[in-house]
$ cat model17.cif   # mmCIF, C-alpha atoms and all ligand atoms
data_my_file
loop_
_atom_site.group_PDB
_atom_site.id
_atom_site.type_symbol
_atom_site.label_atom_id
_atom_site.label_comp_id
_atom_site.auth_asym_id
_atom_site.auth_seq_id
_atom_site.Cartn_x
_atom_site.Cartn_y
_atom_site.Cartn_z
ATOM 1 C CA MET Y 1 19.050 -4.062 10.854
ATOM 2 C CA GLY Y 2 21.595 -5.911 8.679
ATOM 3 C CA THR Y 3 19.260 -8.842 8.032
ATOM 4 C CA VAL Y 4 16.445 -6.405 7.349
ATOM 5 C CA THR Y 5 18.532 -4.689 4.660
ATOM 6 C CA ALA Y 6 19.337 -8.101 3.197
ATOM 7 C CA ALA Y 7 15.585 -8.709 2.946
ATOM 8 C CA ILE Y 8 15.258 -5.825 0.480
ATOM 9 C CA SER Y 9 16.241 -6.155 -3.147
ATOM 10 C CA LEU Y 10 17.982 -2.854 -3.619
ATOM 11 C CA SER Y 11 18.170 -2.818 -7.389
ATOM 12 C CA ALA Y 12 15.981 -3.531 -10.311
ATOM 13 C CA ALA Y 13 18.377 -6.294 -11.366
ATOM 14 C CA ALA Y 14 17.557 -8.140 -8.159
ATOM 15 C CA ALA Y 15 13.875 -8.082 -8.961
ATOM 16 C CA VAL Y 16 12.242 -10.797 -10.979
ATOM 17 C CA GLY Y 17 12.469 -10.366 -14.708
ATOM 18 C CA SER Y 18 13.435 -7.083 -16.162
ATOM 19 C CA ARG Y 19 11.822 -4.853 -18.696
ATOM 20 C CA PRO Y 20 13.106 -5.143 -22.269
ATOM 21 C CA ALA Y 21 16.065 -2.715 -22.466
ATOM 22 C CA GLY Y 22 14.705 -1.232 -25.676
ATOM 23 C CA ARG Y 23 11.624 -0.033 -23.807
ATOM 24 C CA ARG Y 24 13.404 2.247 -21.382
ATOM 25 C CA ARG Y 25 11.934 5.669 -21.938
ATOM 26 C CA HIS Y 26 13.953 8.741 -22.839
ATOM 27 C CA ARG Y 27 13.201 11.871 -20.798
ATOM 28 C CA GLY Y 28 14.160 15.322 -22.015
ATOM 29 C CA PRO Y 29 16.837 16.875 -19.708
ATOM 30 C CA GLY Y 30 14.422 19.527 -18.416
ATOM 31 C CA ALA Y 31 11.679 17.071 -17.680
ATOM 32 C CA PHE Y 32 14.127 14.790 -15.885
ATOM 33 C CA ARG Y 33 15.425 17.583 -13.661
ATOM 34 C CA CYS Y 34 11.869 18.712 -12.839
ATOM 35 C CA SER Y 35 10.375 15.308 -12.071
ATOM 36 C CA ALA Y 36 13.548 14.066 -10.381
ATOM 37 C CA SER Y 37 13.480 16.908 -7.817
ATOM 38 C CA ALA Y 38 9.749 16.530 -7.164
ATOM 39 C CA ALA Y 39 10.054 12.749 -6.872
ATOM 40 C CA GLY Y 40 13.084 13.190 -4.632
ATOM 41 C CA GLU Y 41 11.094 15.444 -2.319
ATOM 42 C CA ARG Y 42 8.341 12.822 -1.997
ATOM 43 C CA GLN Y 43 10.859 10.051 -1.457
ATOM 44 C CA PHE Y 44 12.414 12.141 1.321
ATOM 45 C CA LEU Y 45 8.949 12.870 2.794
ATOM 46 C CA PHE Y 46 8.016 9.195 3.044
ATOM 47 C CA ASN Y 47 11.419 8.300 4.435
ATOM 48 C CA ARG Y 48 10.876 10.940 7.131
ATOM 49 C CA ILE Y 49 7.384 9.855 8.157
ATOM 50 C CA ALA Y 50 8.185 6.120 8.087
ATOM 51 C CA PRO Y 51 8.753 5.781 11.879
ATOM 52 C CA VAL Y 52 5.268 7.089 12.742
ATOM 53 C CA TYR Y 53 3.354 6.397 9.523
ATOM 54 C CA ASP Y 54 1.439 3.317 10.659
ATOM 55 C CA HIS Y 55 0.678 4.734 14.089
ATOM 56 C CA LEU Y 56 -0.686 8.009 12.736
ATOM 57 C CA ASN Y 57 -2.808 6.202 10.144
ATOM 58 C CA ASP Y 58 -4.404 4.132 12.909
ATOM 59 C CA VAL Y 59 -4.979 7.127 15.190
ATOM 60 C CA LEU Y 60 -6.127 9.584 12.525
ATOM 61 C CA SER Y 61 -8.543 7.209 10.790
ATOM 62 C CA LEU Y 62 -9.620 5.483 14.042
ATOM 63 C CA GLY Y 63 -8.330 2.272 12.429
ATOM 64 C CA GLN Y 64 -10.710 2.628 9.477
ATOM 65 C CA HIS Y 65 -7.851 2.621 6.957
ATOM 66 C CA ARG Y 66 -7.415 -1.094 7.623
ATOM 67 C CA THR Y 67 -11.000 -1.724 6.480
ATOM 68 C CA TRP Y 68 -10.459 0.298 3.317
ATOM 69 C CA LYS Y 69 -7.235 -1.631 2.598
ATOM 70 C CA ARG Y 70 -8.972 -4.969 3.103
ATOM 71 C CA ILE Y 71 -11.629 -3.899 0.571
ATOM 72 C CA CYS Y 72 -8.932 -2.812 -1.904
ATOM 73 C CA VAL Y 73 -7.157 -6.168 -1.666
ATOM 74 C CA SER Y 74 -10.414 -8.112 -1.893
ATOM 75 C CA TRP Y 75 -11.428 -6.246 -5.055
ATOM 76 C CA SER Y 76 -8.077 -7.149 -6.687
ATOM 77 C CA ARG Y 77 -9.371 -10.747 -6.711
ATOM 78 C CA ALA Y 78 -5.937 -12.039 -5.691
ATOM 79 C CA LYS Y 79 -6.283 -15.768 -4.925
ATOM 80 C CA MET Y 80 -4.272 -18.750 -3.743
ATOM 81 C CA GLY Y 81 -1.135 -19.363 -5.824
ATOM 82 C CA ASP Y 82 -1.234 -15.998 -7.608
ATOM 83 C CA ARG Y 83 1.787 -13.855 -8.389
ATOM 84 C CA VAL Y 84 0.816 -10.320 -7.284
ATOM 85 C CA LEU Y 85 2.297 -6.825 -7.023
ATOM 86 C CA ASP Y 86 1.712 -4.289 -4.260
ATOM 87 C CA LEU Y 87 2.897 -1.046 -5.843
ATOM 88 C CA CYS Y 88 3.986 1.857 -3.585
ATOM 89 C CA CYS Y 89 3.817 -0.691 -0.763
ATOM 90 C CA GLY Y 90 5.179 1.601 1.974
ATOM 91 C CA SER Y 91 5.242 -0.226 5.327
ATOM 92 C CA GLY Y 92 3.506 -3.216 3.779
ATOM 93 C CA ASP Y 93 -0.120 -3.156 4.960
ATOM 94 C CA LEU Y 94 -1.538 -4.322 1.630
ATOM 95 C CA ALA Y 95 1.388 -6.688 0.964
ATOM 96 C CA PHE Y 96 0.634 -8.548 4.200
ATOM 97 C CA LEU Y 97 -3.043 -8.828 3.233
ATOM 98 C CA LEU Y 98 -2.091 -10.062 -0.261
ATOM 99 C CA SER Y 99 0.326 -12.565 1.294
ATOM 100 C CA GLN Y 100 -2.578 -14.241 3.087
ATOM 101 C CA LYS Y 101 -4.670 -14.266 -0.092
ATOM 102 C CA VAL Y 102 -2.029 -15.983 -2.288
ATOM 103 C CA GLY Y 103 -0.495 -18.266 0.357
ATOM 104 C CA LEU Y 104 2.927 -19.915 0.367
ATOM 105 C CA ASP Y 105 2.499 -21.161 -3.230
ATOM 106 C CA GLY Y 106 1.899 -17.582 -4.303
ATOM 107 C CA GLU Y 107 4.309 -14.655 -4.584
ATOM 108 C CA VAL Y 108 3.982 -11.029 -3.436
ATOM 109 C CA MET Y 109 6.292 -8.408 -4.944
ATOM 110 C CA ALA Y 110 6.088 -5.252 -2.829
ATOM 111 C CA LEU Y 111 7.755 -2.238 -4.463
ATOM 112 C CA ASP Y 112 8.495 1.234 -3.120
ATOM 113 C CA PHE Y 113 11.171 3.886 -3.644
ATOM 114 C CA SER Y 114 11.374 4.794 0.053
ATOM 115 C CA ARG Y 115 14.055 2.696 1.712
ATOM 116 C CA GLN Y 116 12.898 3.662 5.191
ATOM 117 C CA GLN Y 117 9.345 2.489 4.429
ATOM 118 C CA LEU Y 118 10.746 -0.793 3.093
ATOM 119 C CA LEU Y 119 12.938 -1.258 6.162
ATOM 120 C CA THR Y 120 9.844 -0.785 8.342
ATOM 121 C CA ALA Y 121 7.973 -3.327 6.211
ATOM 122 C CA ALA Y 122 10.789 -5.896 6.375
ATOM 123 C CA ASP Y 123 11.061 -5.349 10.129
ATOM 124 C CA ARG Y 124 7.315 -5.959 10.534
ATOM 125 C CA GLN Y 125 7.654 -9.119 8.416
ATOM 126 C CA GLU Y 126 10.393 -10.424 10.727
ATOM 127 C CA GLN Y 127 8.255 -9.791 13.808
ATOM 128 C CA ARG Y 128 5.193 -11.620 12.478
ATOM 129 C CA TRP Y 129 4.596 -15.321 12.901
ATOM 130 C CA LYS Y 130 2.387 -16.174 9.888
ATOM 131 C CA LEU Y 131 4.308 -18.567 7.618
ATOM 132 C CA CYS Y 132 2.732 -17.105 4.473
ATOM 133 C CA TYR Y 133 4.517 -13.790 5.039
ATOM 134 C CA LYS Y 134 7.692 -15.477 3.732
ATOM 135 C CA ASN Y 135 6.177 -15.135 0.243
ATOM 136 C CA ILE Y 136 6.742 -11.352 0.248
ATOM 137 C CA LYS Y 137 9.752 -9.800 -1.515
ATOM 138 C CA TRP Y 138 10.509 -6.108 -0.777
ATOM 139 C CA ILE Y 139 11.862 -4.264 -3.792
ATOM 140 C CA GLU Y 140 13.293 -0.744 -3.860
ATOM 141 C CA GLY Y 141 12.262 0.646 -7.212
ATOM 142 C CA ASP Y 142 10.317 3.275 -9.155
ATOM 143 C CA ALA Y 143 6.626 2.865 -10.007
ATOM 144 C CA LEU Y 144 7.390 4.769 -13.225
ATOM 145 C CA ASP Y 145 9.947 2.221 -14.409
ATOM 146 C CA LEU Y 146 8.979 -1.181 -13.031
ATOM 147 C CA PRO Y 147 11.696 -3.874 -13.008
ATOM 148 C CA PHE Y 148 9.312 -6.589 -14.160
ATOM 149 C CA THR Y 149 8.682 -8.235 -17.494
ATOM 150 C CA ASP Y 150 5.443 -7.694 -19.447
ATOM 151 C CA ARG Y 151 2.269 -9.607 -18.445
ATOM 152 C CA TYR Y 152 3.804 -10.959 -15.231
ATOM 153 C CA PHE Y 153 1.194 -10.435 -12.467
ATOM 154 C CA ASP Y 154 -2.216 -11.980 -11.732
ATOM 155 C CA ALA Y 155 -3.293 -8.933 -9.673
ATOM 156 C CA VAL Y 156 -1.950 -5.525 -8.647
ATOM 157 C CA THR Y 157 -2.817 -3.276 -5.698
ATOM 158 C CA VAL Y 158 -1.904 0.350 -5.105
ATOM 159 C CA GLY Y 159 -2.783 1.729 -1.659
ATOM 160 C CA TYR Y 160 -2.482 5.546 -1.355
ATOM 161 C CA GLY Y 161 0.274 5.469 -3.957
ATOM 162 C CA LEU Y 162 -1.041 6.732 -7.321
ATOM 163 C CA ARG Y 163 -1.781 10.177 -5.883
ATOM 164 C CA ASN Y 164 1.846 10.422 -4.786
ATOM 165 C CA VAL Y 165 3.605 9.525 -8.040
ATOM 166 C CA ILE Y 166 4.774 12.378 -10.227
ATOM 167 C CA ASP Y 167 3.444 10.971 -13.516
ATOM 168 C CA LYS Y 168 0.103 9.193 -12.968
ATOM 169 C CA SER Y 169 -0.373 8.359 -16.618
ATOM 170 C CA ARG Y 170 3.064 6.734 -16.824
ATOM 171 C CA ALA Y 171 2.374 4.770 -13.645
ATOM 172 C CA MET Y 172 -0.945 3.489 -15.052
ATOM 173 C CA GLN Y 173 0.816 2.444 -18.277
ATOM 174 C CA GLU Y 174 3.460 0.544 -16.297
ATOM 175 C CA ILE Y 175 0.769 -1.189 -14.235
ATOM 176 C CA PHE Y 176 -1.014 -2.204 -17.452
ATOM 177 C CA ARG Y 177 2.247 -3.504 -18.962
ATOM 178 C CA VAL Y 178 3.093 -5.872 -16.113
ATOM 179 C CA MET Y 179 -0.439 -7.306 -15.718
ATOM 180 C CA LYS Y 180 -1.651 -10.509 -17.366
ATOM 181 C CA PRO Y 181 -4.644 -10.171 -19.732
ATOM 182 C CA GLY Y 182 -7.888 -10.471 -17.764
ATOM 183 C CA SER Y 183 -6.233 -9.540 -14.458
ATOM 184 C CA ARG Y 184 -7.293 -6.692 -12.169
ATOM 185 C CA VAL Y 185 -5.684 -3.679 -10.550
ATOM 186 C CA SER Y 186 -7.264 -2.209 -7.413
ATOM 187 C CA ILE Y 187 -6.231 1.360 -6.559
ATOM 188 C CA LEU Y 188 -7.222 2.833 -3.171
ATOM 189 C CA ASP Y 189 -6.771 6.486 -2.306
ATOM 190 C CA PHE Y 190 -8.425 9.603 -0.982
ATOM 191 C CA ASN Y 191 -11.462 10.553 -3.030
ATOM 192 C CA LYS Y 192 -11.413 13.918 -4.774
ATOM 193 C CA SER Y 193 -15.127 14.346 -4.156
ATOM 194 C CA SER Y 194 -17.474 16.430 -6.311
ATOM 195 C CA SER Y 195 -19.679 16.853 -3.232
ATOM 196 C CA LEU Y 196 -18.974 20.221 -1.584
ATOM 197 C CA PHE Y 197 -19.971 18.790 1.803
ATOM 198 C CA THR Y 198 -17.611 15.780 1.546
ATOM 199 C CA ALA Y 199 -14.745 17.862 0.188
ATOM 200 C CA SER Y 200 -15.246 20.404 2.985
ATOM 201 C CA LEU Y 201 -15.391 17.658 5.660
ATOM 202 C CA GLN Y 202 -12.211 16.077 4.287
ATOM 203 C CA SER Y 203 -10.450 19.426 4.170
ATOM 204 C CA TRP Y 204 -11.662 20.387 7.662
ATOM 205 C CA ALA Y 205 -10.476 17.027 9.127
ATOM 206 C CA ILE Y 206 -7.015 17.440 7.581
ATOM 207 C CA ASP Y 207 -6.687 21.092 8.674
ATOM 208 C CA ASN Y 208 -8.115 20.676 12.196
ATOM 209 C CA VAL Y 209 -7.243 17.104 13.199
ATOM 210 C CA VAL Y 210 -4.628 15.525 10.934
ATOM 211 C CA VAL Y 211 -2.105 18.372 10.646
ATOM 212 C CA PRO Y 212 -2.314 19.555 14.298
ATOM 213 C CA LEU Y 213 -1.774 15.982 15.520
ATOM 214 C CA ALA Y 214 1.071 15.386 13.050
ATOM 215 C CA SER Y 215 2.640 18.659 14.224
ATOM 216 C CA GLY Y 216 3.125 16.986 17.593
ATOM 217 C CA TYR Y 217 5.576 14.686 15.807
ATOM 218 C CA GLY Y 218 7.302 17.526 13.971
ATOM 219 C CA LEU Y 219 5.596 16.546 10.702
ATOM 220 C CA THR Y 220 3.445 19.611 10.003
ATOM 221 C CA GLU Y 221 4.603 20.164 6.417
ATOM 222 C CA GLU Y 222 4.516 16.446 5.595
ATOM 223 C CA TYR Y 223 0.857 16.150 6.536
ATOM 224 C CA LYS Y 224 -0.028 19.539 5.006
ATOM 225 C CA TYR Y 225 1.120 17.911 1.740
ATOM 226 C CA LEU Y 226 -1.834 15.516 2.059
ATOM 227 C CA LYS Y 227 -4.322 18.310 1.368
ATOM 228 C CA SER Y 228 -2.469 19.729 -1.646
ATOM 229 C CA SER Y 229 -1.940 16.260 -3.095
ATOM 230 C CA ILE Y 230 -5.668 15.528 -2.868
ATOM 231 C CA SER Y 231 -6.551 18.836 -4.531
ATOM 232 C CA GLN Y 232 -4.156 17.937 -7.381
ATOM 233 C CA TYR Y 233 -5.454 14.366 -7.621
ATOM 234 C CA LEU Y 234 -7.961 13.022 -10.165
ATOM 235 C CA THR Y 235 -11.694 12.581 -9.628
ATOM 236 C CA GLY Y 236 -13.171 9.086 -9.872
ATOM 237 C CA GLU Y 237 -14.332 9.807 -13.393
ATOM 238 C CA GLU Y 238 -10.884 11.077 -14.409
ATOM 239 C CA LEU Y 239 -9.261 7.961 -12.888
ATOM 240 C CA GLU Y 240 -11.574 5.756 -14.967
ATOM 241 C CA LYS Y 241 -10.590 7.733 -18.073
ATOM 242 C CA LEU Y 242 -6.872 7.455 -17.216
ATOM 243 C CA ALA Y 243 -7.214 3.663 -16.915
ATOM 244 C CA LYS Y 244 -9.033 3.372 -20.255
ATOM 245 C CA GLU Y 245 -6.362 5.542 -21.931
ATOM 246 C CA ALA Y 246 -3.697 3.161 -20.581
ATOM 247 C CA GLY Y 247 -5.529 0.293 -22.301
ATOM 248 C CA PHE Y 248 -7.707 -1.197 -19.574
ATOM 249 C CA SER Y 249 -10.938 -2.663 -20.991
ATOM 250 C CA VAL Y 250 -13.046 -1.937 -17.892
ATOM 251 C CA ALA Y 251 -12.528 0.689 -15.176
ATOM 252 C CA LYS Y 252 -14.891 1.617 -12.321
ATOM 253 C CA HIS Y 253 -14.360 3.944 -9.347
ATOM 254 C CA TYR Y 254 -16.214 3.282 -6.084
ATOM 255 C CA GLU Y 255 -16.490 5.680 -3.153
ATOM 256 C CA LEU Y 256 -15.664 4.384 0.363
ATOM 257 C CA GLY Y 257 -15.891 5.867 3.842
ATOM 258 C CA GLY Y 258 -18.797 8.128 3.032
ATOM 259 C CA GLY Y 259 -16.985 9.522 0.008
ATOM 260 C CA LEU Y 260 -13.769 10.402 1.864
ATOM 261 C CA MET Y 261 -11.937 7.564 0.108
ATOM 262 C CA GLY Y 262 -12.229 5.924 -3.284
ATOM 263 C CA ASN Y 263 -11.151 2.704 -4.983
ATOM 264 C CA LEU Y 264 -10.625 2.238 -8.722
ATOM 265 C CA VAL Y 265 -10.934 -1.295 -10.070
ATOM 266 C CA ALA Y 266 -9.689 -1.849 -13.623
ATOM 267 C CA THR Y 267 -9.465 -5.021 -15.715
ATOM 268 C CA ARG Y 268 -6.820 -5.490 -18.391
HETATM 269 C C1 LIG X 301 -4.008 5.316 5.227
HETATM 270 C C2 LIG X 301 -4.411 6.712 4.937
HETATM 271 C C3 LIG X 301 -3.543 7.590 4.416
HETATM 272 C C4 LIG X 301 -2.146 7.213 4.028
HETATM 273 C C5 LIG X 301 -1.334 8.429 3.672
HETATM 274 C C6 LIG X 301 -1.279 8.829 2.361
HETATM 275 C C7 LIG X 301 -0.515 9.925 2.021
HETATM 276 O O1 LIG X 301 -0.452 10.306 0.725
HETATM 277 C C8 LIG X 301 0.202 10.671 2.984
HETATM 278 C C9 LIG X 301 0.979 11.781 2.619
HETATM 279 C C10 LIG X 301 1.665 12.482 3.585
HETATM 280 C C11 LIG X 301 1.591 12.098 4.904
HETATM 281 C C12 LIG X 301 0.827 11.001 5.271
HETATM 282 C C13 LIG X 301 0.128 10.284 4.300
HETATM 283 C C14 LIG X 301 -0.665 9.158 4.639
HETATM 284 O O2 LIG X 301 -0.775 8.755 5.923
HETATM 285 C C15 LIG X 301 -5.823 7.173 5.261
HETATM 286 C C16 LIG X 301 -6.068 7.315 6.771
HETATM 287 C C17 LIG X 301 -5.050 8.186 7.458
HETATM 288 C C18 LIG X 301 -5.214 9.691 7.155
HETATM 289 C C19 LIG X 301 -3.920 10.424 7.454
HETATM 290 C C20 LIG X 301 -6.365 10.259 7.995
HETATM 291 C C21 LIG X 301 -7.468 10.767 7.118
HETATM 292 C C22 LIG X 301 -8.605 11.297 7.959
HETATM 293 C C23 LIG X 301 -9.857 11.454 7.117
HETATM 294 C C24 LIG X 301 -9.759 12.671 6.238
HETATM 295 C C25 LIG X 301 -11.057 11.524 8.048
HETATM 296 C C26 LIG X 301 -11.308 10.135 8.703
HETATM 297 C C27 LIG X 301 -12.697 10.161 9.327
HETATM 298 C C28 LIG X 301 -13.070 8.925 10.123
HETATM 299 C C29 LIG X 301 -12.240 8.812 11.393
HETATM 300 C C30 LIG X 301 -13.003 7.661 9.324
HETATM 301 C C1 LIG X 302 1.010 6.968 1.529
HETATM 302 S S1 LIG X 302 2.211 5.760 1.224
HETATM 303 C C2 LIG X 302 1.237 4.278 0.957
HETATM 304 C C3 LIG X 302 1.864 3.079 1.579
HETATM 305 C C4 LIG X 302 1.007 1.817 1.607
HETATM 306 N N1 LIG X 302 0.617 1.395 0.251
HETATM 307 C C5 LIG X 302 -0.256 2.021 2.453
HETATM 308 O O1 LIG X 302 -1.320 1.811 1.909
HETATM 309 O O2 LIG X 302 -0.109 2.410 3.619
HETATM 310 C C6 LIG X 302 2.711 6.131 -0.431
HETATM 311 C C7 LIG X 302 3.937 5.354 -0.838
HETATM 312 O O3 LIG X 302 4.200 5.563 -2.222
HETATM 313 C C8 LIG X 302 5.610 5.572 -2.405
HETATM 314 N N2 LIG X 302 5.920 6.185 -3.702
HETATM 315 C C9 LIG X 302 5.574 7.411 -4.144
HETATM 316 N N3 LIG X 302 6.032 7.598 -5.398
HETATM 317 C C10 LIG X 302 6.681 6.436 -5.778
HETATM 318 C C11 LIG X 302 7.353 6.000 -6.942
HETATM 319 N N4 LIG X 302 7.480 6.790 -8.033
HETATM 320 N N5 LIG X 302 7.878 4.758 -6.964
HETATM 321 C C12 LIG X 302 7.768 3.945 -5.885
HETATM 322 N N6 LIG X 302 7.144 4.292 -4.730
HETATM 323 C C13 LIG X 302 6.607 5.535 -4.688
HETATM 324 C C14 LIG X 302 6.118 6.343 -1.206
HETATM 325 O O4 LIG X 302 7.500 6.101 -0.960
HETATM 326 C C15 LIG X 302 5.201 5.815 -0.093
HETATM 327 O O5 LIG X 302 5.789 4.723 0.591
#

$ encode --input "model17.cif" --output "structure tokens"
Amino acid sequence: MGTVTAAISLSAAAAVGSRPAGRRRHRGPGAFRCSASAAGERQFLFNRIAPVYDHLNDVLSLGQHRTWKRICVSWSRAKMGDRVLDLCCGSGDLAFLLSQKVGLDGEVMALDFSRQQLLTAADRQEQRWKLCYKNIKWIEGDALDLPFTDRYFDAVTVGYGLRNVIDKSRAMQEIFRVMKPGSRVSILDFNKSSSLFTASLQSWAIDNVVVPLASGYGLTEEYKYLKSSISQYLTGEELEKLAKEAGFSVAKHYELGGGLMGNLVATR
């Protein structure tokens, strides 16, 4: 595991560039305590599910999540030679897809605040034979305070991450800041559907399939969180509005998987 740890940049300083010091935001003490404990709980949750995360995603979505992730990466328009960011990268599914898009001349920065997810990702990278995967750097960091300079990336992806960050507006502003003008962000997540049928199907599947199966791994509460996080998420229309408020010129949300999932594409 030693080499795996070495593969992860464990501090912002180790990441490329660094945000102008003057731009670090000041949080009120109360706000910091509140968001820090909530963020800490989510960090702990994703550390805990890391060992079975990929397996359960494959089983619970019958492998469909890989199709949705391929669509997300394709819609980012990442291309050969690009410098790209996979934000909230987890075990690296989208980072590996981006790696193939940008090739060895390109660069993939994959950031997450869960060390266990990053260790899984680095382990997977070591086990894979494709040369291009060497272009991925795993960075332990916070999506709300990205360790990258302004206008740095040609494309950004976020797979099932925005719903999990404490401050979605702040995250969108950080994404905007680190993107080059004219570049795209592609954000995949569950869809908070306005259709009663779709919302009921999604809720039924989580209650009657996802959580019972996860319980077999001792992860009942972790997967129960899925449902509450979706109910607190933004609708497609609200995601488009959030992107525009962050400064994006164009933002469009597309439903996937019969409305169970959704993907926001925004252009800076
Ligand atoms: C890759 C997927 C979800 C990732 C994911 C996101 C989270 O925020 C979590 C939070 C807490 C625990 C786990 C996760 C998490 O895994 C999407 C596919 C995996 C889903 C867990 C399964 C969703 C099932 C659908 C509601 C119904 C699928 C119907 C059909 C088989 C396509
Ligand atoms: C459901 S996983 C998604 C992983 C991967 N993108 C995928 O598509 O499978 C959500 C990830 O977001 C990360 N995350 C949540 N809040 C974060 C934050 N503020 N900063 C960095 N990562 C965060 C979690 O640690 C977790 O690995």

$ axis_aligned_box --input "model17.cif" --around "ligand LIG 301 (chain X)" --padding-each-side "8 Å" --output "AutoDock Vina command-line options"
--center_x -5.7 --center_y 9.0 --center_z 6.1 --size_x 30.7 --size_y 23.4 --size_z 26.7

$ atom_distance --input "model17.cif" --atom1 "CA of Lys79 (chain Y)" --atom2 "atom C1 of ligand LIG 302 (chain X)"
24.7 Å

$ closest_atom_pairs --input "model17.cif" --of "region 44-107 of chain Y" --to "region 251-257 of chain Y" --cutoff "10 Å" --atoms "all atoms listed in the file" --output "tab-separated table"
residue	atom	partner	partner_atom	distance
Y:Gln64	CA	Y:Gly257	CA	8.3
Y:His65	CA	Y:Gly257	CA	9.2
Y:Thr67	CA	Y:Gly257	CA	9.4
Y:Trp68	CA	Y:Leu256	CA	7.2
Y:Ile71	CA	Y:Leu256	CA	9.2

$ residues_around --input "model17.cif" --residues "Ser186 (chain Y)" --least-positions-apart "5" --cutoff "8 Å" --atoms "all atoms listed in the file" --output "number ranges by chain"
Y: 72-73, 75-76, 156-158, 263-266

$ write_last_selection --input "model17.cif" --atoms "C-alpha atoms" --output "PDB file, keeping the file's coordinate frame"
ATOM      1  CA  CYS Y  72      -8.932  -2.812  -1.904  1.00  0.00           C
ATOM      2  CA  VAL Y  73      -7.157  -6.168  -1.666  1.00  0.00           C
ATOM      3  CA  TRP Y  75     -11.428  -6.246  -5.055  1.00  0.00           C
ATOM      4  CA  SER Y  76      -8.077  -7.149  -6.687  1.00  0.00           C
ATOM      5  CA  VAL Y 156      -1.950  -5.525  -8.647  1.00  0.00           C
ATOM      6  CA  THR Y 157      -2.817  -3.276  -5.698  1.00  0.00           C
ATOM      7  CA  VAL Y 158      -1.904   0.350  -5.105  1.00  0.00           C
ATOM      8  CA  ASN Y 263     -11.151   2.704  -4.983  1.00  0.00           C
ATOM      9  CA  LEU Y 264     -10.625   2.238  -8.722  1.00  0.00           C
ATOM     10  CA  VAL Y 265     -10.934  -1.295 -10.070  1.00  0.00           C
ATOM     11  CA  ALA Y 266      -9.689  -1.849 -13.623  1.00  0.00           C
TER      12      ALA Y 266
END

$ closest_residue --input "model17.cif" --among "Y:Gly236, Y:Gly63, Y:Gly216, Y:Gly262" --to "ligand LIG 301 (chain X)" --atoms "all atoms listed in the file"
Y:Gly63

$ decode --input "model17.cif" --residues "region 99-133 of chain Y" --atoms "C-alpha atoms" --output "short mmCIF file (atom, residue, chain, number, x, y, z; two decimals), in the first residue's frame"
data_model
loop_
_atom_site.label_atom_id
_atom_site.label_comp_id
_atom_site.auth_asym_id
_atom_site.auth_seq_id
_atom_site.Cartn_x
_atom_site.Cartn_y
_atom_site.Cartn_z
CA SER Y 99 -7.48 9.26 -19.30
CA GLN Y 100 -8.31 7.43 -22.53
CA LYS Y 101 -9.85 10.56 -24.04
CA VAL Y 102 -6.82 12.83 -23.41
CA GLY Y 103 -4.06 10.25 -23.92
CA LEU Y 104 -0.47 10.34 -22.67
CA ASP Y 105 0.02 13.94 -23.88
CA GLY Y 106 -2.96 14.95 -21.78
CA GLU Y 107 -3.33 15.25 -18.01
CA VAL Y 108 -6.09 14.05 -15.66
CA MET Y 109 -6.35 15.57 -12.19
CA ALA Y 110 -8.67 13.41 -10.08
CA LEU Y 111 -9.66 15.04 -6.78
CA ASP Y 112 -11.55 13.67 -3.79
CA PHE Y 113 -11.54 14.22 -0.03
CA SER Y 114 -11.95 10.52 0.78
CA ARG Y 115 -8.53 8.94 1.20
CA GLN Y 116 -9.95 5.43 1.09
CA GLN Y 117 -11.65 6.13 -2.26
CA LEU Y 118 -8.38 7.54 -3.60
CA LEU Y 119 -6.42 4.52 -2.36
CA THR Y 120 -8.89 2.27 -4.20
CA ALA Y 121 -8.47 4.39 -7.33
CA ALA Y 122 -4.66 4.32 -7.16
CA ASP Y 123 -4.76 0.57 -6.56
CA ARG Y 124 -6.97 0.09 -9.63
CA GLN Y 125 -4.55 2.26 -11.64
CA GLU Y 126 -1.64 0.02 -10.62
CA GLN Y 127 -3.52 -3.11 -11.66
CA ARG Y 128 -4.43 -1.83 -15.13
CA TRP Y 129 -2.23 -2.21 -18.17
CA LYS Y 130 -3.26 0.76 -20.35
CA LEU Y 131 -0.27 3.10 -20.70
CA CYS Y 132 -2.49 6.19 -20.80
CA TYR Y 133 -3.56 5.62 -17.19
#
